[in-house]
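Undergrad: Here it is, the structure in full.
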Amino acid sequence: MSEQKKMLKVSSNPHIRSALTTSQIMLAVVIALLPAAGYGIYNFGPRALAVIAVTVASTVLTEFIYGFFMKKTTVTDMSAVVTGLLLALNLPVSLPLWMAALGGVFAILIVKLLFGGLGQNFMNPALAARCFLLISFPKEMADFTTKAVNWAGLSWDAYTGATPLAALKAGESVNVMNMIMGCEGGTIGETSVIAIVAGACLLLLLGVIDLRIPGTYIVSFVIFVGLFGGRGFDPAYLSAQLAGGGLMLGAFFMATDYVTRPITVKGQYIYGIFLGLMTGIFRIFGPGAEGVSYAIIIGNLIVPLIEKMTRPAPFGCKKGGAFHG
């Protein structure tokens with residue numbers, strides 16, 4: 001195909017040209033998620049690898065089968081792999097494998113493909129699937145396995161218990177360093193902040209994401225929790241809130257999703273602030289201790305409104321769109 005024909009090729013939105021292809025961007029995201037996935041496997045053992053394998057297989061297979069019958073070839077862009085991996089990292093290791101597979105099918109078929117495929121889904125497929133599983137199987141989705149490590153003796157003690165955020169909400173003390181290192185309970189991919197940030201730094205260096213959304217998300221969340229959390233701006237309390245509940249995973253890997261985030265620069269700042277406030281409301285005033293998934297899903301739903309409010313006026317027009325000059 002000639003260069004001119006390539007320029008005229010119509011594809012799904014957003015229509016922003018880049019030297020990076022969709023496959024290259026998705027591959028970069030997969031590589032960036034490997035530290036969190038690898039630590040989850042190291043932390044929770046082969047069962048974590050099984051959950052990851054099942055979710056990725058279910059997402060890829062669902063997209064392949066759908067593409068086969070609809071005569072579309074979309075599975076090669078690796079977006080299904082990213083969805084499956086993100087979903088697995090947001091699941092507890094003890095979740096039955098058939099539920100993990102069901103989540104993968106829901107993410108790809110219901111949230112993505114039935115709305116037109118990549119670029120057309122109105123919310124993040126992985127988080128939508130997680131919320132679907134939370135509503136459908138609340139007991140299984142709340143069954144977290146915690147592993148406490150004795151670094152000197154290199155021994156592990158595994159037990160089932162509440163997440164650090166649940167303990168924090170109940171007024172108990174938590175070990176922030178354990179949360180950062182990944183020695184506390186949670187989903188497969190959320191336990192180690194170091195692994196998550198390492199992957200995020202790679203995406204930042206490659207230019208796949210920037211700090212507009214994650215930065216405003218984290219800062220607005222800290223301010224909200226400091227004002228309404230009941231403990232002021234206590235560094236230990238704020239650090240525990242940031243290190244738990246998948247906030248870092250959500251801020252860097254899901255809130256920055258190209259399809260479901262605002263395109264405008266001003267809109268991205270508003271979006272990040274909205275996510276921080278919503279997460280704070282869910283955690284401080286809600287019955288649960290988490291809130292990241294629901295905050296991002298609700299944020300996805302108001303993205304069209306944010307873009308309408310922040311859309312720049314065309315050249316030669318006023319803000320309302322009327323021509324002048």
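Chain lettering (A, B, ...) mirrors the order of the structure tokens, residue numbering begins at 1 for each chain separately, and ligand numbering begins at 1 in order of display.
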If you run DSSP on the backbone, which residues of region 144-308 of chain A are strand (DSSP E or B), as a list in words?
TA: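 So, restricting region 144-308 of chain A to strand (DSSP E or B), we get Thr145, Thr146, Lys147, Ala148, Val149, Asn150, Ser155, Trp156, Asp157, Ala158, Tyr159 and Thr160 of chain A.
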Undergrad: Write the residues of the selection above to a file with N, CA and C atoms, as an mmCIF file, in the first residue's frame.
TA:
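Result file is result27.cif:
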```cif
data_model
loop_
_atom_site.group_PDB
_atom_site.id
_atom_site.type_symbol
_atom_site.label_atom_id
_atom_site.label_comp_id
_atom_site.auth_asym_id
_atom_site.auth_seq_id
_atom_site.Cartn_x
_atom_site.Cartn_y
_atom_site.Cartn_z
ATOM 1 N N THR A 145 -5.379 -13.753 50.141
ATOM 2 C CA THR A 145 -4.328 -14.506 50.813
ATOM 3 C C THR A 145 -3.159 -13.577 51.079
ATOM 4 N N THR A 146 -2.712 -13.568 52.308
ATOM 5 C CA THR A 146 -1.607 -12.714 52.706
ATOM 6 C C THR A 146 -0.369 -13.563 52.952
ATOM 7 N N LYS A 147 0.782 -13.069 52.529
ATOM 8 C CA LYS A 147 2.033 -13.768 52.803
ATOM 9 C C LYS A 147 2.996 -12.821 53.505
ATOM 10 N N ALA A 148 3.415 -13.195 54.674
ATOM 11 C CA ALA A 148 4.377 -12.400 55.415
ATOM 12 C C ALA A 148 5.736 -13.090 55.332
ATOM 13 N N VAL A 149 6.734 -12.351 54.948
ATOM 14 C CA VAL A 149 8.033 -12.956 54.728
ATOM 15 C C VAL A 149 8.992 -12.608 55.861
ATOM 16 N N ASN A 150 9.776 -13.577 56.250
ATOM 17 C CA ASN A 150 10.867 -13.360 57.183
ATOM 18 C C ASN A 150 12.127 -13.222 56.335
ATOM 19 N N SER A 155 11.823 -17.233 54.857
ATOM 20 C CA SER A 155 10.688 -18.130 55.012
ATOM 21 C C SER A 155 9.391 -17.353 54.837
ATOM 22 N N TRP A 156 8.343 -18.085 54.413
ATOM 23 C CA TRP A 156 7.064 -17.449 54.137
ATOM 24 C C TRP A 156 5.979 -18.058 55.006
ATOM 25 N N ASP A 157 5.103 -17.221 55.513
ATOM 26 C CA ASP A 157 3.930 -17.681 56.249
ATOM 27 C C ASP A 157 2.691 -17.205 55.501
ATOM 28 N N ALA A 158 1.904 -18.124 54.999
ATOM 29 C CA ALA A 158 0.705 -17.780 54.230
ATOM 30 C C ALA A 158 -0.531 -17.933 55.112
ATOM 31 N N TYR A 159 -1.407 -16.944 55.057
ATOM 32 C CA TYR A 159 -2.664 -17.014 55.770
ATOM 33 C C TYR A 159 -3.672 -16.113 55.074
ATOM 34 N N THR A 160 -4.934 -16.353 55.366
ATOM 35 C CA THR A 160 -6.005 -15.570 54.763
ATOM 36 C C THR A 160 -6.463 -14.520 55.755
#
```
Undergrad: Skipping near chain neighbours, those fewer than 4 positions away, what residues fall within 10 Å of Lys266 (chain A) using only C-alpha atoms, listed as a ChimeraX atom specification?
TA: /A:212,262,270-271,306-307,309-312
Undergrad: DSSP on the backbone: which residues in region 45-151 of chain A end up as helix (DSSP H, G or I)? Give the answer as a PyMOL selection string.
TA: chain A and resi 46-70+75-77+79-89+97-115+125-136+138-141
Undergrad: Between CA of Val225 (chain A) and CA of Asp143 (chain A), what distance in Å does the model show, to one decimal?
TA: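 Computed distance, CA of Val225 (chain A) to CA of Asp143 (chain A), equals 26.1 Å.
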Undergrad: Compile the contact shell of region 134-137 of chain A as an MDAnalysis selection string: residues with an atom at most 12 Å away, counting only C-alpha atoms, same-chain residues fewer than 4 positions apart removed.
TA: chainID A and resid 90:92 95:96 98:100 102:103 127:130 141:143 288 290:291 293:294
Undergrad: Emit the selected residues as a JSON list (two decimals), in the first residue's frame, including C-alpha atoms.
TA:
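Contents of again_0.json, freshly written:
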```json
[["chain", "number", "residue", "atom", "x", "y", "z"],
["A", 90, "ASN", "CA", -6.79, -7.15, 39.86],
["A", 91, "LEU", "CA", -8.04, -10.54, 41.05],
["A", 92, "PRO", "CA", -7.37, -12.43, 44.29],
["A", 95, "LEU", "CA", -10.53, -16.92, 42.85],
["A", 96, "PRO", "CA", -11.85, -20.05, 41.10],
["A", 98, "TRP", "CA", -13.75, -20.51, 35.91],
["A", 99, "MET", "CA", -14.69, -17.15, 37.44],
["A", 100, "ALA", "CA", -11.45, -15.65, 36.16],
["A", 102, "LEU", "CA", -15.77, -15.61, 32.89],
["A", 103, "GLY", "CA", -14.34, -12.21, 33.73],
["A", 127, "LEU", "CA", -11.96, -2.85, 35.39],
["A", 128, "ALA", "CA", -15.49, -3.37, 34.09],
["A", 129, "ALA", "CA", -14.92, -7.13, 34.35],
["A", 130, "ARG", "CA", -13.54, -6.75, 37.86],
["A", 141, "MET", "CA", -13.54, -11.62, 45.27],
["A", 142, "ALA", "CA", -12.95, -10.66, 48.91],
["A", 143, "ASP", "CA", -10.98, -13.79, 49.77],
["A", 288, "GLY", "CA", -15.66, -0.69, 51.71],
["A", 290, "GLU", "CA", -11.12, 0.14, 48.20],
["A", 291, "GLY", "CA", -12.75, 2.36, 45.57],
["A", 293, "SER", "CA", -12.14, 0.37, 40.29],
["A", 294, "TYR", "CA", -15.48, 2.11, 40.76]]
```
Undergrad: Could you name the residues that touch Ser239 (chain A) at 9 Å or less, counting only C-alpha atoms, but leaving out those on the same chain fewer than 5 positions away, as a VMD selection string?
TA: chain A and resid 176 234 244
Undergrad: Within 6 Å of region 187-195 of chain A, counting only C-alpha atoms, which residues qualify if same-chain residues fewer than 3 places away don't, as a compact mmCIF listing (two decimals) with N, CA and C atoms, in the first residue's frame?
TA:
```txt
# COMPACT_ATOMS: atom_id res chain seq x y z
N PRO A 35 6.90 -6.74 35.86
CA PRO A 35 7.40 -6.74 37.24
C PRO A 35 6.30 -7.03 38.26
N ALA A 36 5.13 -6.41 38.09
CA ALA A 36 4.03 -6.66 39.03
C ALA A 36 3.52 -8.09 38.90
N ALA A 37 3.43 -8.59 37.66
CA ALA A 37 2.98 -9.96 37.45
C ALA A 37 3.99 -10.96 38.00
N GLY A 40 3.86 -11.01 41.69
CA GLY A 40 2.66 -11.71 42.13
C GLY A 40 2.83 -13.21 42.08
N LEU A 89 -4.25 -9.21 37.33
CA LEU A 89 -3.55 -8.50 38.40
C LEU A 89 -4.52 -7.84 39.37
N ASN A 90 -5.78 -7.73 38.98
CA ASN A 90 -6.79 -7.15 39.86
C ASN A 90 -7.67 -8.20 40.53
N LEU A 91 -7.26 -9.46 40.46
CA LEU A 91 -8.04 -10.54 41.05
C LEU A 91 -7.29 -11.16 42.23
N PRO A 92 -8.02 -11.68 43.22
CA PRO A 92 -7.37 -12.43 44.29
C PRO A 92 -6.89 -13.77 43.77
N VAL A 93 -5.80 -14.26 44.30
CA VAL A 93 -5.20 -15.49 43.80
C VAL A 93 -6.07 -16.70 44.05
N ILE A 180 4.64 -1.61 50.77
CA ILE A 180 5.48 -1.16 49.66
C ILE A 180 6.27 -2.32 49.07
N MET A 181 6.78 -3.19 49.93
CA MET A 181 7.59 -4.31 49.48
C MET A 181 6.75 -5.44 48.90
N GLY A 182 5.48 -5.51 49.31
CA GLY A 182 4.62 -6.57 48.79
C GLY A 182 4.43 -7.73 49.73
N ALA A 198 8.04 0.59 39.02
CA ALA A 198 9.10 0.25 38.06
C ALA A 198 8.53 0.14 36.65
N GLY A 246 -4.63 -1.02 45.25
CA GLY A 246 -4.41 -0.94 43.81
C GLY A 246 -4.44 0.47 43.25
```
Undergrad: Which one of A:Tyr237, A:Phe132, A:Phe228, A:Tyr42 sits closest to Ala167 (chain A) if you count only C-alpha atoms?
TA: A:Tyr237
Undergrad: For Cys131 (chain A), which of A:Leu203, A:Leu97, A:Ile196, A:Leu87 is the closest residue, counting only C-alpha atoms?
TA: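 Checking each candidate against Cys131 (chain A), we get A:Leu87 as the closest.
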